[in-house]
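Presented below is the structure to which this report refers.
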Amino acid sequence: MKLVRTRNTSENFFSRLFDVIYEFLISFLDLIFGMIQRVVGIRGMPYFFVLPNLLIFGIFILFPMLLNFVYAFTGSTAFFPDQRPWVGTANFERLLACENYLNPNTCGEDLFWRAVYNTIGYVVFQVALMVLFSLVTALILNRNIKARGFFRSVFFYPVLLSPIVVALIWKWILQENGLLNGIITALGHDKLPFLVNTQWARIWVVMISVWAFMGFYTLILLAGLQSIPADLYEAASIDGANPWQSFTKITLPLLMPTMIVVLVLSLIRAVQVFDIVFAFTGGGPGTATLYLVQYIYNYGFSSPNKQFGLAAAASLLMAGVLIILTIVQLTVRPEEE
Amino acid sequence: MKVRNLLAMLLLVAVLVTACAPAAPEEPAAPEPAEPVEEPTEEPMEEPTEAPAEEPMEAVELRFTYYADGVEAEVMQPLLDKFMAENPDITVVLDVVPYQTIDEQLPVQVETGEGPDLARITNFGAYKGKLLDLRDYLADPAYYEANFPAPILEAMGYGGFPDALTVTGPYVNKTLFDQAEVELPGEGTTWQEWTDLTTQVAEATGVQYAISIDRTGHRFAGPAMSMGATLLDADGNFTVDTPGFRAFAETVKGWHDAGITPSEVWFNADAVNSCIDDFKSGQLVMCMSGSWNINGLANDVGDAFDWVVVPNPTGDGGSTGIAGGSAVAAFAATEHPEEVARLVEFLIQPENYGAFSAGTLALPAQKDVASAGVEFDTDNPLVLAALSAYTAEVPKLQDQAVGLNVHPYAFAYYRNSANRIAQYLTGELTLDEMLVNLQTDIDNAIAEAQ
């Protein structure tokens, strides 16, 4: 007598249907890729798979980069390269013409040099604060605290927000009749000029970008901390090391490769700052928060009288700085390894 | 597995066959009408919207990129519907976009040949050589030339028409003046007197701010000219370092130093900031803006407070605002120039142009309409008074005030002046440095464009 297993009929049906469809699709794909492999060979298959991305990269990144060189060495407001007259290094000369490089007022393109100095200031403070806050947060989140998962999420949430949304929220909070000034006046004090005072605007631009992006770097540092073997700390504790000694002798040295990555990534990102500042202050008050990318944007896209050559030349100079930063990363990492 | 492979092969063949199938029948782009120019010249054509009856009825789609300060798009759409009803062979698609798209993206689109057939623009100089000379296609080009200001038509290369005439001028919160028991001054009041009076009103009523002006060289130019600035010389060259320009820059700096003006209007470096939002909130006594805000004020303020338009303050140079406005432009790259001309001819007819002015509460630039008067679609006495006040400003406009907005490099002055003046107001630049840098910016922009 056979035992008949009674199973859920609907589960059996959907399960078999899924199996059929799955195998069918696999066969279909196998058929296609098999035909392709017969053409390009097995060694050619990896190149076939990266080809779509290469095409996109070539069309939307590589080609515009090469075109940028054309614009940088040509003039006029014409859009098409064949209509632009060759001017050689005139655009670069115009950008770099200064009597005193430390005083933008003596420069032909004073706005460019203001943007350069503003960017340098922003990079120094923003990166330092970003790395510091990210490290401290990662150290705290690496400990066995209650609701650790919740707090990790809380610090990462701003990373998920669009920079424009972040900027507009903080603009609403910090404007003259905004939330923060409302609280300040309710406490009986005078309003503070957060967005219309040069120093305040620069401070808030740095703080807002640290708040918005530190979650990403915290995550990287957290991963680095978790890769440090716990028995090292146990051994140090047995040997009588205090927490500070553990941190400086164990944590920092072993975390250094990760710190270098965070440092260079945040440096590159800081140099490229644009969207969050553009929506927050627009580069103001005056030119206090005018940074390099916005300078390029103003001349290349925003101005009714566009000066593509100047914008392209400025972007090449900025690219040079970023390349140097990348070379630094490449040369430092092997030493650490 | 063999069965599955066979099924997979069949599926692949089915996909390939579907992909290779002919597409859905499309309207032929421009095949048959090999002779596109069939102007029915023998017809008198008071109603130029009549389509030539002998033409094959192929639907043509015109794309009309449009921006709106207020209700312009809502007013334009019924006119386009009327046009399409009278011209079933033409479909007009109104693409309403933010002004920033018109300002930044449209010139690039037109330059690359990917622009629309028509657009509503403000920067006439950005499209030099790119507009369609409508005189070659209109049924009655003489009417077109006779009914619009010649400087505007020339600036546009006869490639469109101004759909509204705007004038800059100050709005004043009359309710606050009444509450402060301060009499509203009239014609002949100087900027200093207005500064003193509005400060007095602000202090008496507890309002935050006394006086402000939009963050743009366009609004700045009028008061500067009233103070004696000669921004444009006889040859059309820009000269910013003049006593009048300096005087008004110092006036605005004084407002900021005294804290009687909302700093964020000039200090926040958005492309164009307006004081009109602070004015609408009732926290600003006087806002120097322009006639295009009448509609918005009527809708947003309602009966919260009474507001009036006052004459442009007086100075050594007289009392002048700046003429401006937008225009409907037809692009030379259009594939349907005749149809575009038919649409333009429809829109410039008095009944249609007048309907647009009436609905948008805009001053008409069409002479027949202006002569006949416009029955604006409002019974709001504040709006009617404002329209009358701005209309009264038109005869006072200086020649350079009219010529500025149609200057091919007007926007080189507008944007650079706003940024440089902001640098002066924040203390980054001295007045002398600001004027030198601004002159350099304008000269460089013009040199680059030539």
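Residue numbers start at 1 in each chain; chains themselves are named A, B, ... in the order of the structure tokens; ligands are numbered from 1 in the order shown.
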
Next item on the list: Might you pull out every residue within 10 Å of Tyr127 of chain B, with only C-alpha atoms counted and same-chain residues fewer than 4 positions away left off, and present them as a list in words?
Entry: Leu106, Pro107, Val110, Glu111, Ile121, Asn123, Leu131, Ala155, Met156, Gly157, Gly159, Ala329, Phe331, Ala332 and Pro408 of chain B

Those same residues, written as a tab-separated table (two decimals), in the first residue's frame with all heavy atoms?
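File written: out.tsv
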chain	number	residue	atom	x	y	z
B	106	LEU	N	17.39	76.98	-22.64
B	106	LEU	CA	16.85	77.26	-23.97
B	106	LEU	C	17.91	77.77	-24.94
B	106	LEU	O	17.94	77.33	-26.11
B	106	LEU	CB	15.69	78.25	-23.87
B	106	LEU	CG	14.96	78.55	-25.18
B	106	LEU	CD1	14.31	77.30	-25.74
B	106	LEU	CD2	13.91	79.65	-24.98
B	107	PRO	N	18.80	78.69	-24.53
B	107	PRO	CA	19.83	79.13	-25.50
B	107	PRO	C	20.68	77.98	-26.02
B	107	PRO	O	21.04	77.95	-27.20
B	107	PRO	CB	20.68	80.11	-24.68
B	107	PRO	CG	19.77	80.59	-23.61
B	107	PRO	CD	18.90	79.44	-23.27
B	110	VAL	N	18.59	75.95	-28.50
B	110	VAL	CA	18.47	76.64	-29.79
B	110	VAL	C	19.80	76.58	-30.55
B	110	VAL	O	19.83	76.36	-31.75
B	110	VAL	CB	18.03	78.09	-29.56
B	110	VAL	CG1	18.09	78.90	-30.85
B	110	VAL	CG2	16.63	78.13	-28.97
B	111	GLU	N	20.88	76.75	-29.84
B	111	GLU	CA	22.20	76.73	-30.46
B	111	GLU	C	22.46	75.38	-31.13
B	111	GLU	O	23.08	75.31	-32.19
B	111	GLU	CB	23.26	77.00	-29.39
B	111	GLU	CG	24.68	77.07	-29.90
B	111	GLU	CD	25.03	78.41	-30.52
B	111	GLU	OE1	24.44	79.43	-30.12
B	111	GLU	OE2	25.90	78.43	-31.41
B	121	ILE	N	10.45	84.50	-24.11
B	121	ILE	CA	11.81	84.81	-23.66
B	121	ILE	C	11.86	86.20	-23.05
B	121	ILE	O	10.94	87.00	-23.22
B	121	ILE	CB	12.81	84.72	-24.83
B	121	ILE	CG1	12.48	85.79	-25.89
B	121	ILE	CG2	12.80	83.33	-25.46
B	121	ILE	CD1	13.55	85.93	-26.96
B	123	ASN	N	15.46	87.46	-22.66
B	123	ASN	CA	16.79	87.88	-23.08
B	123	ASN	C	16.85	87.91	-24.60
B	123	ASN	O	17.14	86.93	-25.26
B	123	ASN	CB	17.83	86.89	-22.52
B	123	ASN	CG	19.24	87.35	-22.81
B	123	ASN	OD1	19.47	88.33	-23.50
B	123	ASN	ND2	20.19	86.62	-22.27
B	131	LEU	N	16.56	83.81	-34.74
B	131	LEU	CA	15.11	83.98	-34.82
B	131	LEU	C	14.66	84.07	-36.27
B	131	LEU	O	15.38	84.50	-37.16
B	131	LEU	CB	14.68	85.24	-34.05
B	131	LEU	CG	15.01	85.21	-32.56
B	131	LEU	CD1	14.55	86.48	-31.87
B	131	LEU	CD2	14.39	83.99	-31.89
B	155	ALA	N	15.59	94.55	-32.20
B	155	ALA	CA	16.43	93.75	-31.31
B	155	ALA	C	16.16	92.26	-31.51
B	155	ALA	O	17.06	91.43	-31.37
B	155	ALA	CB	16.18	94.13	-29.87
B	156	MET	N	14.91	91.95	-31.86
B	156	MET	CA	14.55	90.55	-32.07
B	156	MET	C	14.74	90.11	-33.52
B	156	MET	O	14.38	88.97	-33.86
B	156	MET	CB	13.09	90.31	-31.66
B	156	MET	CG	12.82	90.52	-30.19
B	156	MET	SD	11.13	90.11	-29.77
B	156	MET	CE	11.15	88.33	-29.97
B	157	GLY	N	15.22	91.00	-34.35
B	157	GLY	CA	15.38	90.63	-35.76
B	157	GLY	C	14.05	90.31	-36.41
B	157	GLY	O	13.99	89.48	-37.33
B	159	GLY	N	11.77	88.64	-35.24
B	159	GLY	CA	11.50	87.22	-35.03
B	159	GLY	C	10.53	86.95	-33.91
B	159	GLY	O	10.59	85.88	-33.28
B	329	ALA	N	8.99	84.50	-29.16
B	329	ALA	CA	10.01	84.44	-30.20
B	329	ALA	C	9.80	83.21	-31.06
B	329	ALA	O	9.46	82.14	-30.56
B	329	ALA	CB	11.40	84.38	-29.56
B	331	PHE	N	11.69	80.72	-33.72
B	331	PHE	CA	13.07	80.33	-34.02
B	331	PHE	C	13.25	79.95	-35.48
B	331	PHE	O	12.41	79.28	-36.07
B	331	PHE	CB	13.51	79.20	-33.10
B	331	PHE	CG	13.56	79.63	-31.66
B	331	PHE	CD1	12.57	79.23	-30.77
B	331	PHE	CD2	14.57	80.46	-31.20
B	331	PHE	CE1	12.60	79.65	-29.45
B	331	PHE	CE2	14.60	80.88	-29.88
B	331	PHE	CZ	13.62	80.48	-29.00
B	332	ALA	N	14.38	80.37	-36.02
B	332	ALA	CA	14.65	80.14	-37.44
B	332	ALA	C	14.77	78.66	-37.77
B	332	ALA	O	14.55	78.26	-38.91
B	332	ALA	CB	15.92	80.87	-37.85
B	408	PRO	N	21.68	94.09	-26.90
B	408	PRO	CA	22.07	92.67	-27.07
B	408	PRO	C	22.87	92.09	-25.91
B	408	PRO	O	22.90	90.88	-25.74
B	408	PRO	CB	22.90	92.68	-28.37
B	408	PRO	CG	23.24	94.10	-28.62
B	408	PRO	CD	22.19	94.93	-27.98

Next item on the list: Assign secondary structure with DSSP using the backbone only, and return the residues of segment 74-288 of chain B in helix (DSSP H, G or I) as a ChimeraX atom specification.
Entry: /B:74-86,99-111,124-127,134-136,141-146,150-155,174-180,191-205,217-226,243-258,263-267,276-280

Notebook entry, point to check: Which polymer residues have any atom within 6 Å of an atom of Tyr291 of chain A, counting only C-alpha atoms, with same-chain residues fewer than 2 positions away left out, as a list in words?
Noted result: Ala115, Asn118, Thr119, Val293 and Gln294 of chain A

Next item on the list: Give me, please, the distance in Å between atom CA of Ile61 of chain A and atom CA of Asp82 of chain A, quoted to one decimal.
Entry: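 Atom-to-atom, atom CA of Ile61 of chain A to atom CA of Asp82 of chain A, that is 20.4 Å.
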
Quick one: contact table of chain B to chain A, 7 Å max, nearest atom pair and distance in Å to one decimal per residue, counting only C-alpha atoms, chain and number order, as JSON lines?
{"residue": "B:Arg4", "atom": "CA", "partner": "A:Phe24", "partner_atom": "CA", "distance": 6.1}
{"residue": "B:Asn5", "atom": "CA", "partner": "A:Ser27", "partner_atom": "CA", "distance": 6.1}
{"residue": "B:Ala8", "atom": "CA", "partner": "A:Phe28", "partner_atom": "CA", "distance": 4.7}
{"residue": "B:Asp103", "atom": "CA", "partner": "A:Pro304", "partner_atom": "CA", "distance": 6.8}
{"residue": "B:Glu104", "atom": "CA", "partner": "A:Ser302", "partner_atom": "CA", "distance": 5.6}
{"residue": "B:Glu111", "atom": "CA", "partner": "A:Phe79", "partner_atom": "CA", "distance": 6.7}
{"residue": "B:Ser263", "atom": "CA", "partner": "A:Val196", "partner_atom": "CA", "distance": 6.4}
{"residue": "B:Glu264", "atom": "CA", "partner": "A:Val196", "partner_atom": "CA", "distance": 6.1}
{"residue": "B:Phe267", "atom": "CA", "partner": "A:Pro285", "partner_atom": "CA", "distance": 4.3}
{"residue": "B:Asn268", "atom": "CA", "partner": "A:Gly284", "partner_atom": "CA", "distance": 5.1}
{"residue": "B:Ala269", "atom": "CA", "partner": "A:Gly282", "partner_atom": "CA", "distance": 4.5}
{"residue": "B:Asp270", "atom": "CA", "partner": "A:Gly282", "partner_atom": "CA", "distance": 5.1}
{"residue": "B:Phe411", "atom": "CA", "partner": "A:Pro304", "partner_atom": "CA", "distance": 6.3}
{"residue": "B:Ala412", "atom": "CA", "partner": "A:Asn305", "partner_atom": "CA", "distance": 6.1}
{"residue": "B:Asn419", "atom": "CA", "partner": "A:Gly286", "partner_atom": "CA", "distance": 6.9}
{"residue": "B:Ala422", "atom": "CA", "partner": "A:Gly286", "partner_atom": "CA", "distance": 5.1}
{"residue": "B:Gln423", "atom": "CA", "partner": "A:Gly286", "partner_atom": "CA", "distance": 4.3}
{"residue": "B:Thr426", "atom": "CA", "partner": "A:Gly286", "partner_atom": "CA", "distance": 5.9}
{"residue": "B:Ala445", "atom": "CA", "partner": "A:Asn305", "partner_atom": "CA", "distance": 6.2}
{"residue": "B:Glu448", "atom": "CA", "partner": "A:Ser76", "partner_atom": "CA", "distance": 4.8}
{"residue": "B:Ala449", "atom": "CA", "partner": "A:Thr77", "partner_atom": "CA", "distance": 5.2}
{"residue": "B:Gln450", "atom": "CA", "partner": "A:Ser76", "partner_atom": "CA", "distance": 6.9}

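Picture a line from atom CA of Gln272 of chain A to atom CA of Asp441 of chain B; it runs 25.2 Å.
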
Within 9 Å of Leu79 of chain B using only C-alpha atoms, minus same-chain residues under 3 positions, as a tab-separated table (two decimals) with all heavy atoms, in the first residue's frame:
chain	number	residue	atom	x	y	z
B	75	VAL	N	-3.82	81.71	-19.22
B	75	VAL	CA	-4.48	82.63	-20.15
B	75	VAL	C	-4.13	82.28	-21.58
B	75	VAL	O	-4.97	82.39	-22.49
B	75	VAL	CB	-4.08	84.08	-19.83
B	75	VAL	CG1	-4.64	85.04	-20.87
B	75	VAL	CG2	-4.57	84.47	-18.44
B	76	MET	N	-2.91	81.85	-21.81
B	76	MET	CA	-2.46	81.53	-23.17
B	76	MET	C	-3.14	80.27	-23.71
B	76	MET	O	-3.49	80.20	-24.89
B	76	MET	CB	-0.94	81.35	-23.18
B	76	MET	CG	-0.34	80.92	-24.50
B	76	MET	SD	-0.71	82.03	-25.89
B	76	MET	CE	0.30	83.44	-25.50
B	82	LYS	N	-8.31	78.13	-29.12
B	82	LYS	CA	-9.11	78.85	-30.13
B	82	LYS	C	-8.39	78.81	-31.48
B	82	LYS	O	-9.02	78.58	-32.52
B	82	LYS	CB	-9.29	80.29	-29.66
B	82	LYS	CG	-10.11	81.17	-30.60
B	82	LYS	CD	-10.18	82.60	-30.03
B	82	LYS	CE	-10.75	83.56	-31.07
B	82	LYS	NZ	-10.63	84.98	-30.63
B	83	PHE	N	-7.09	79.01	-31.44
B	83	PHE	CA	-6.31	78.97	-32.68
B	83	PHE	C	-6.40	77.60	-33.33
B	83	PHE	O	-6.59	77.48	-34.55
B	83	PHE	CB	-4.85	79.34	-32.39
B	83	PHE	CG	-3.92	79.14	-33.56
B	83	PHE	CD1	-3.90	80.04	-34.61
B	83	PHE	CD2	-3.08	78.04	-33.62
B	83	PHE	CE1	-3.06	79.86	-35.69
B	83	PHE	CE2	-2.23	77.85	-34.69
B	83	PHE	CZ	-2.22	78.76	-35.74
B	84	MET	N	-6.25	76.58	-32.51
B	84	MET	CA	-6.28	75.22	-33.06
B	84	MET	C	-7.65	74.86	-33.60
B	84	MET	O	-7.77	74.12	-34.57
B	84	MET	CB	-5.84	74.22	-31.98
B	84	MET	CG	-4.34	74.28	-31.69
B	84	MET	SD	-3.75	72.97	-30.60
B	84	MET	CE	-4.24	73.60	-29.00
B	347	LEU	N	-1.95	85.61	-32.69
B	347	LEU	CA	-1.74	86.14	-31.33
B	347	LEU	C	-1.62	87.66	-31.31
B	347	LEU	O	-1.89	88.28	-30.28
B	347	LEU	CB	-0.48	85.50	-30.72
B	347	LEU	CG	-0.58	84.02	-30.37
B	347	LEU	CD1	0.78	83.48	-29.92
B	347	LEU	CD2	-1.62	83.76	-29.29
B	352	ASN	N	-7.15	89.00	-29.66
B	352	ASN	CA	-6.41	87.94	-28.95
B	352	ASN	C	-5.34	88.53	-28.04
B	352	ASN	O	-5.16	88.10	-26.91
B	352	ASN	CB	-5.78	86.98	-29.96
B	352	ASN	CG	-6.82	86.34	-30.85
B	352	ASN	OD1	-7.88	85.93	-30.37
B	352	ASN	ND2	-6.55	86.27	-32.14
B	355	ALA	N	-7.01	90.01	-25.13
B	355	ALA	CA	-7.46	88.99	-24.18
B	355	ALA	C	-6.31	88.55	-23.29
B	355	ALA	O	-6.49	88.32	-22.09
B	355	ALA	CB	-8.05	87.80	-24.93
B	356	PHE	N	-5.13	88.42	-23.88
B	356	PHE	CA	-3.96	88.03	-23.09
B	356	PHE	C	-3.63	89.10	-22.06
B	356	PHE	O	-3.38	88.81	-20.90
B	356	PHE	CB	-2.77	87.78	-24.02
B	356	PHE	CG	-1.53	87.33	-23.30
B	356	PHE	CD1	-1.38	86.02	-22.90
B	356	PHE	CD2	-0.51	88.24	-23.00
B	356	PHE	CE1	-0.24	85.60	-22.22
B	356	PHE	CE2	0.63	87.83	-22.32
B	356	PHE	CZ	0.75	86.52	-21.92

Item checked: Shell around Ile250 of chain A at 12 Å using only C-alpha atoms, local window under 2 positions removed, as an NGL selection string -> :A and (225 or 228-237 or 241-248 or 252-256)

Those selected residues, please, written with C-alpha atoms and delivered as a short mmCIF file (atom, residue, chain, number, x, y, z; two decimals), in the first residue's frame.
data_model
loop_
_atom_site.label_atom_id
_atom_site.label_comp_id
_atom_site.auth_asym_id
_atom_site.auth_seq_id
_atom_site.Cartn_x
_atom_site.Cartn_y
_atom_site.Cartn_z
CA LEU A 225 37.38 48.96 13.35
CA ILE A 228 40.80 44.72 14.12
CA PRO A 229 41.17 41.47 16.07
CA ALA A 230 39.64 41.68 19.53
CA ASP A 231 42.37 39.58 21.09
CA LEU A 232 44.83 42.44 20.55
CA TYR A 233 42.82 44.55 22.96
CA GLU A 234 42.59 41.66 25.39
CA ALA A 235 46.32 41.19 25.28
CA ALA A 236 46.90 44.88 25.78
CA SER A 237 44.50 44.91 28.68
CA ALA A 241 47.41 49.27 28.79
CA ASN A 242 44.85 51.99 29.47
CA PRO A 243 42.16 52.90 26.93
CA TRP A 244 44.19 55.78 25.52
CA GLN A 245 47.20 53.55 24.98
CA SER A 246 45.01 50.91 23.33
CA PHE A 247 43.62 53.58 21.04
CA THR A 248 46.97 55.10 20.06
CA LEU A 252 44.98 54.05 15.17
CA PRO A 253 47.86 52.16 13.55
CA LEU A 254 45.65 49.31 12.40
CA LEU A 255 42.93 51.71 11.27
CA MET A 256 45.35 53.89 9.33
#

Margin query: Please report the interatomic distance between atom CA of Leu397 of chain B and atom CA of Thr320 of chain B in Å with one decimal.
Written below: 5.1 Å

Note to self: Can you tell me which residues surround Pro163 of chain A at a distance of at most 9 Å, considering only C-alpha atoms, apart from same-chain residues fewer than 3 positions away, and format the answer as a ChimeraX atom specification?
What the structure shows: /A:158-160,166-168,209,212,275-277,279

Next item on the list: Would you kindly return, as a VMD selection string, each protein, DNA or RNA residue with an atom no farther than 12 Å from any atom of Asp257 of chain B, considering only C-alpha atoms and excluding same-chain residues fewer than 5 positions away?
Entry: chain B and resid 250 to 252 262 to 263 424 to 427

Note to self: Could you check the closest approach to Phe64 of chain B for each of B:Asp95, B:Glu86, B:Glu393, B:Asp300 and tell me which residue wins, using only C-alpha atoms?
What the structure shows: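 Ranked by minimum distance to Phe64 of chain B, first place goes to B:Asp95.
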
Check: Which parts of segment 46-122 of chain A does DSSP call strand (DSSP E or B) when run on the backbone here, written out as a ChimeraX atom specification?
Finding: /A:74,86,98,107

Write the selection just made, keeping N, CA and C atoms, as a PDB file, in the first residue's frame?
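Saved to out.pdb:
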ATOM      1  N   THR A  74      39.972  77.102 -26.843  1.00  0.00           N
ATOM      2  CA  THR A  74      39.275  77.891 -27.862  1.00  0.00           C
ATOM      3  C   THR A  74      38.465  78.984 -27.185  1.00  0.00           C
ATOM      4  N   TRP A  86      40.676  79.126 -32.251  1.00  0.00           N
ATOM      5  CA  TRP A  86      41.776  78.683 -31.396  1.00  0.00           C
ATOM      6  C   TRP A  86      42.377  79.900 -30.687  1.00  0.00           C
ATOM      7  N   CYS A  98      47.684  87.380 -12.135  1.00  0.00           N
ATOM      8  CA  CYS A  98      47.549  88.046 -10.843  1.00  0.00           C
ATOM      9  C   CYS A  98      48.803  88.850 -10.550  1.00  0.00           C
ATOM     10  N   CYS A 107      43.829  90.205  -9.109  1.00  0.00           N
ATOM     11  CA  CYS A 107      43.778  89.217 -10.198  1.00  0.00           C
ATOM     12  C   CYS A 107      42.750  89.630 -11.240  1.00  0.00           C
TER      13      CYS A 107
END

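Proximity ranking of B:Val182, B:Leu435, B:Ala389, B:Ala333 relative to Gly113 of chain B places B:Ala333 first, based on only C-alpha atoms.
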